[in-house]
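To start, the structure under review is shown below, and the notes come after it.
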Amino acid sequence: MVEAEIRSIEGEIKGSLTLPSVFETVNRLDLIKRAVLAEQSRKRQPQGRSPTAGKLVTQSSQGPGRGISKIPRTHGKRTHHANRAAYVNSTVGGMLAFPPKVDKKIVEKINKKELRLALWSAVSLTADKATVEARGHLLEEETAFPIVVENAIMEVEKTSEMKEILENLGTGNDLIRSGIKKVRAGKGKMRGRKYRRKVGPLFVVSEDCKAMKAADNLAGVTVLRVRDLSVEDLAPGTHAGRLTIWTESAIKLLEEWN
């Protein structure tokens with residue numbers, strides 16, 4: 001059995017507890033990636049095109065024998081549109097050759113047992129300091145993993161107090177890292193996602209509490225209950241090892257997963 005240190009809100013060692021067997025799950029990075037992609041696929045919205053899109057035109061083909069291609073064109077005395085091609089996919093405003101259909105299967109499926117194993121594996125990797133650092137999180141050398149804090153943190157109401165506590169736990173540098181906002185490269189700037197920031201610490205609690213609002217006001221920090229955890233929360237972008245702070249009561253709830 002693996003022991004973990006329990007730290008007070010001042011950052012001092014208060015005691016220890018035995019970690020549930022979930023933290024001994026084998027590392028399955030392949031299943032974690034599949035599970036995250038499956039979760040992301042459920043957020044997509046089906047899209048399609050009208051059956052008559054690009055076809056509501058008066059153009060028609062003039063047939064062979066005129067020395068021009070048989071693309072549908074305007075014909076008649078309207079000089080400003082005379083001989084203008086339309087309808088087909090190679091013309092301006094024409095229909096798409098293979099438009100998307102709403103009945104396309106865009107949701108990726110994963111077996112329940114594989115999803116459960118991926119979730120357990122993602123939880124166990126939050127206790128591996130090397131994996132957390134490899135993901136890009138900034139930590140202090142003396143920070144021990146997994147980070148478990150006493151339940152008193154759940155009664156904190158002010159964001160300033162929560163920030164000070166997280167700094168006492170050795171995650172202050174990562175708060176600075178996740179607070180930096182940069183302009184996105186590429187066309188995403190024109191599509192409602194101009195800025196991007198790094199993913200910060202994940203704060204896991206056992207139940208609804210005052211600290212959820214206090215910690216959620218910190219940039220890059222996510223606050224979740226144990227029963228709301230998903231693989232994507234623990235491994236954003238399919239990369240496992242997110243910096244996770246557990247409360248003592250949240251760790252005890254993980255014993256029910258066995």
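Within each chain, counting starts at residue 1; across the structure tokens, chains are named A, B, ... in the order shown, with ligands numbered 1 upward in that order.
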Exercise for the section: Enumerate the residues of stretch 18-252 of chain A with a DSSP assignment of strand (DSSP E or B), computed from the backbone, and present them as an MDAnalysis selection string. Expected result: chainID A and resid 18 60 73 85 147:149 181:183 195:197 202:205 222:225 244:247
Practice task
Quick one: pick out all alpha helix (DSSP H) residues within stretch 90-195 of chain A from a backbone DSSP run and write them as a ChimeraX atom specification.
Solution key: /A:112-125,129-134,159-168,172-179
How would the residues just chosen look if you wrote them out with N, CA and C atoms as an mmCIF file, in the first residue's frame?
data_model
loop_
_atom_site.group_PDB
_atom_site.id
_atom_site.type_symbol
_atom_site.label_atom_id
_atom_site.label_comp_id
_atom_site.auth_asym_id
_atom_site.auth_seq_id
_atom_site.Cartn_x
_atom_site.Cartn_y
_atom_site.Cartn_z
ATOM 1 N N LYS A 112 -17.264 0.372 -21.933
ATOM 2 C CA LYS A 112 -17.374 0.866 -20.561
ATOM 3 C C LYS A 112 -16.162 0.471 -19.718
ATOM 4 N N LYS A 113 -15.713 -0.762 -19.874
ATOM 5 C CA LYS A 113 -14.564 -1.215 -19.084
ATOM 6 C C LYS A 113 -13.290 -0.476 -19.498
ATOM 7 N N GLU A 114 -13.148 -0.207 -20.770
ATOM 8 C CA GLU A 114 -11.980 0.542 -21.229
ATOM 9 C C GLU A 114 -12.034 1.984 -20.737
ATOM 10 N N LEU A 115 -13.235 2.571 -20.727
ATOM 11 C CA LEU A 115 -13.390 3.932 -20.227
ATOM 12 C C LEU A 115 -13.066 3.995 -18.738
ATOM 13 N N ARG A 116 -13.510 3.001 -17.988
ATOM 14 C CA ARG A 116 -13.222 2.963 -16.556
ATOM 15 C C ARG A 116 -11.722 2.801 -16.303
ATOM 16 N N LEU A 117 -11.077 1.917 -17.064
ATOM 17 C CA LEU A 117 -9.638 1.725 -16.911
ATOM 18 C C LEU A 117 -8.870 2.989 -17.280
ATOM 19 N N ALA A 118 -9.344 3.700 -18.306
ATOM 20 C CA ALA A 118 -8.695 4.953 -18.697
ATOM 21 C C ALA A 118 -8.816 5.996 -17.592
ATOM 22 N N LEU A 119 -9.990 6.064 -16.949
ATOM 23 C CA LEU A 119 -10.193 7.018 -15.858
ATOM 24 C C LEU A 119 -9.304 6.680 -14.671
ATOM 25 N N TRP A 120 -9.242 5.406 -14.317
ATOM 26 C CA TRP A 120 -8.394 4.996 -13.191
ATOM 27 C C TRP A 120 -6.923 5.270 -13.490
ATOM 28 N N SER A 121 -6.522 4.993 -14.726
ATOM 29 C CA SER A 121 -5.138 5.224 -15.106
ATOM 30 C C SER A 121 -4.791 6.712 -15.064
ATOM 31 N N ALA A 122 -5.728 7.559 -15.493
ATOM 32 C CA ALA A 122 -5.500 9.004 -15.449
ATOM 33 C C ALA A 122 -5.388 9.498 -14.010
ATOM 34 N N VAL A 123 -6.175 8.904 -13.098
ATOM 35 C CA VAL A 123 -6.083 9.268 -11.686
ATOM 36 C C VAL A 123 -4.730 8.870 -11.117
ATOM 37 N N SER A 124 -4.267 7.671 -11.446
ATOM 38 C CA SER A 124 -2.992 7.204 -10.908
ATOM 39 C C SER A 124 -1.821 8.038 -11.397
ATOM 40 N N LEU A 125 -1.904 8.556 -12.619
ATOM 41 C CA LEU A 125 -0.811 9.354 -13.166
ATOM 42 C C LEU A 125 -0.734 10.744 -12.537
ATOM 43 N N LYS A 129 5.068 12.424 -10.225
ATOM 44 C CA LYS A 129 5.631 13.764 -10.383
ATOM 45 C C LYS A 129 6.323 13.931 -11.729
ATOM 46 N N ALA A 130 6.992 12.886 -12.206
ATOM 47 C CA ALA A 130 7.689 12.981 -13.489
ATOM 48 C C ALA A 130 6.713 13.222 -14.634
ATOM 49 N N THR A 131 5.570 12.541 -14.586
ATOM 50 C CA THR A 131 4.566 12.727 -15.640
ATOM 51 C C THR A 131 3.965 14.120 -15.586
ATOM 52 N N VAL A 132 3.728 14.627 -14.378
ATOM 53 C CA VAL A 132 3.159 15.971 -14.228
ATOM 54 C C VAL A 132 4.127 17.026 -14.741
ATOM 55 N N GLU A 133 5.407 16.877 -14.419
ATOM 56 C CA GLU A 133 6.403 17.843 -14.901
ATOM 57 C C GLU A 133 6.596 17.736 -16.407
ATOM 58 N N ALA A 134 6.513 16.519 -16.947
ATOM 59 C CA ALA A 134 6.668 16.339 -18.389
ATOM 60 C C ALA A 134 5.540 16.989 -19.164
ATOM 61 N N THR A 159 -10.983 34.319 -2.808
ATOM 62 C CA THR A 159 -10.045 33.877 -3.833
ATOM 63 C C THR A 159 -8.608 34.182 -3.431
ATOM 64 N N SER A 160 -8.387 35.316 -2.761
ATOM 65 C CA SER A 160 -7.040 35.676 -2.337
ATOM 66 C C SER A 160 -6.488 34.655 -1.342
ATOM 67 N N GLU A 161 -7.342 34.154 -0.440
ATOM 68 C CA GLU A 161 -6.917 33.141 0.510
ATOM 69 C C GLU A 161 -6.622 31.820 -0.200
ATOM 70 N N MET A 162 -7.456 31.465 -1.176
ATOM 71 C CA MET A 162 -7.229 30.234 -1.923
ATOM 72 C C MET A 162 -5.918 30.307 -2.700
ATOM 73 N N LYS A 163 -5.613 31.448 -3.265
ATOM 74 C CA LYS A 163 -4.359 31.613 -3.998
ATOM 75 C C LYS A 163 -3.167 31.450 -3.066
ATOM 76 N N GLU A 164 -3.267 31.992 -1.879
ATOM 77 C CA GLU A 164 -2.178 31.864 -0.908
ATOM 78 C C GLU A 164 -1.988 30.413 -0.487
ATOM 79 N N ILE A 165 -3.089 29.677 -0.317
ATOM 80 C CA ILE A 165 -2.999 28.267 0.072
ATOM 81 C C ILE A 165 -2.336 27.446 -1.037
ATOM 82 N N LEU A 166 -2.725 27.700 -2.277
ATOM 83 C CA LEU A 166 -2.127 26.960 -3.391
ATOM 84 C C LEU A 166 -0.642 27.258 -3.512
ATOM 85 N N GLU A 167 -0.242 28.471 -3.180
ATOM 86 C CA GLU A 167 1.185 28.794 -3.171
ATOM 87 C C GLU A 167 1.900 28.058 -2.053
ATOM 88 N N ASN A 168 1.230 27.908 -0.898
ATOM 89 C CA ASN A 168 1.827 27.159 0.207
ATOM 90 C C ASN A 168 2.013 25.688 -0.145
ATOM 91 N N GLY A 172 2.465 27.608 -6.761
ATOM 92 C CA GLY A 172 2.384 29.028 -7.094
ATOM 93 C C GLY A 172 2.906 29.343 -8.484
ATOM 94 N N ASN A 173 4.009 28.696 -8.876
ATOM 95 C CA ASN A 173 4.566 28.959 -10.204
ATOM 96 C C ASN A 173 3.623 28.520 -11.315
ATOM 97 N N ASP A 174 2.890 27.453 -11.057
ATOM 98 C CA ASP A 174 1.955 26.980 -12.080
ATOM 99 C C ASP A 174 0.749 27.909 -12.195
ATOM 100 N N LEU A 175 0.369 28.574 -11.114
ATOM 101 C CA LEU A 175 -0.698 29.571 -11.187
ATOM 102 C C LEU A 175 -0.282 30.737 -12.067
ATOM 103 N N ILE A 176 0.982 31.138 -11.948
ATOM 104 C CA ILE A 176 1.488 32.219 -12.808
ATOM 105 C C ILE A 176 1.495 31.765 -14.259
ATOM 106 N N ARG A 177 1.907 30.520 -14.486
ATOM 107 C CA ARG A 177 1.956 29.973 -15.844
ATOM 108 C C ARG A 177 0.584 29.938 -16.497
ATOM 109 N N SER A 178 -0.430 29.501 -15.751
ATOM 110 C CA SER A 178 -1.778 29.400 -16.318
ATOM 111 C C SER A 178 -2.471 30.759 -16.393
ATOM 112 N N GLY A 179 -1.917 31.769 -15.731
ATOM 113 C CA GLY A 179 -2.534 33.100 -15.778
ATOM 114 C C GLY A 179 -2.128 33.916 -16.986
#
Handout entry: Exercise: A:Met1 partners within 9 Å, only C-alpha atoms, chain neighbours under 6 positions left out, as a count of residues only
Key = 5
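Nearest to A:Met212 of all the residues A:Lys33, A:Arg196, A:Arg44, A:Lys158 is A:Lys158, counting only C-alpha atoms.
Computed from the coordinates, the atom CA of A:Ala250 to atom CA of A:Glu232 distance equals 18.5 Å.
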Handout entry: Close residues, A:Gln45 itself excluded, 10 Å, only C-alpha atoms, min 6 positions apart in chain, as a list of chain:residue names
Key =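 After dropping sequence-adjacent residues, the list is A:Val102, A:Ile106, A:Val107.
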Next, the residues of the selection above should be written as a PDB file, in the first residue's frame with C-alpha atoms.
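Final file, part.pdb:
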ATOM      1  CA  VAL A 102     -26.492  15.139 -40.790  1.00  0.00           C
ATOM      2  CA  ILE A 106     -19.448  11.665 -35.666  1.00  0.00           C
ATOM      3  CA  VAL A 107     -19.473  10.127 -32.162  1.00  0.00           C
TER       4      VAL A 107
END
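Here the question is which of A:Ala127, A:Val223, A:Leu218, A:Leu31 gets nearest to A:Ala144 using only C-alpha atoms, and that residue is A:Ala127.
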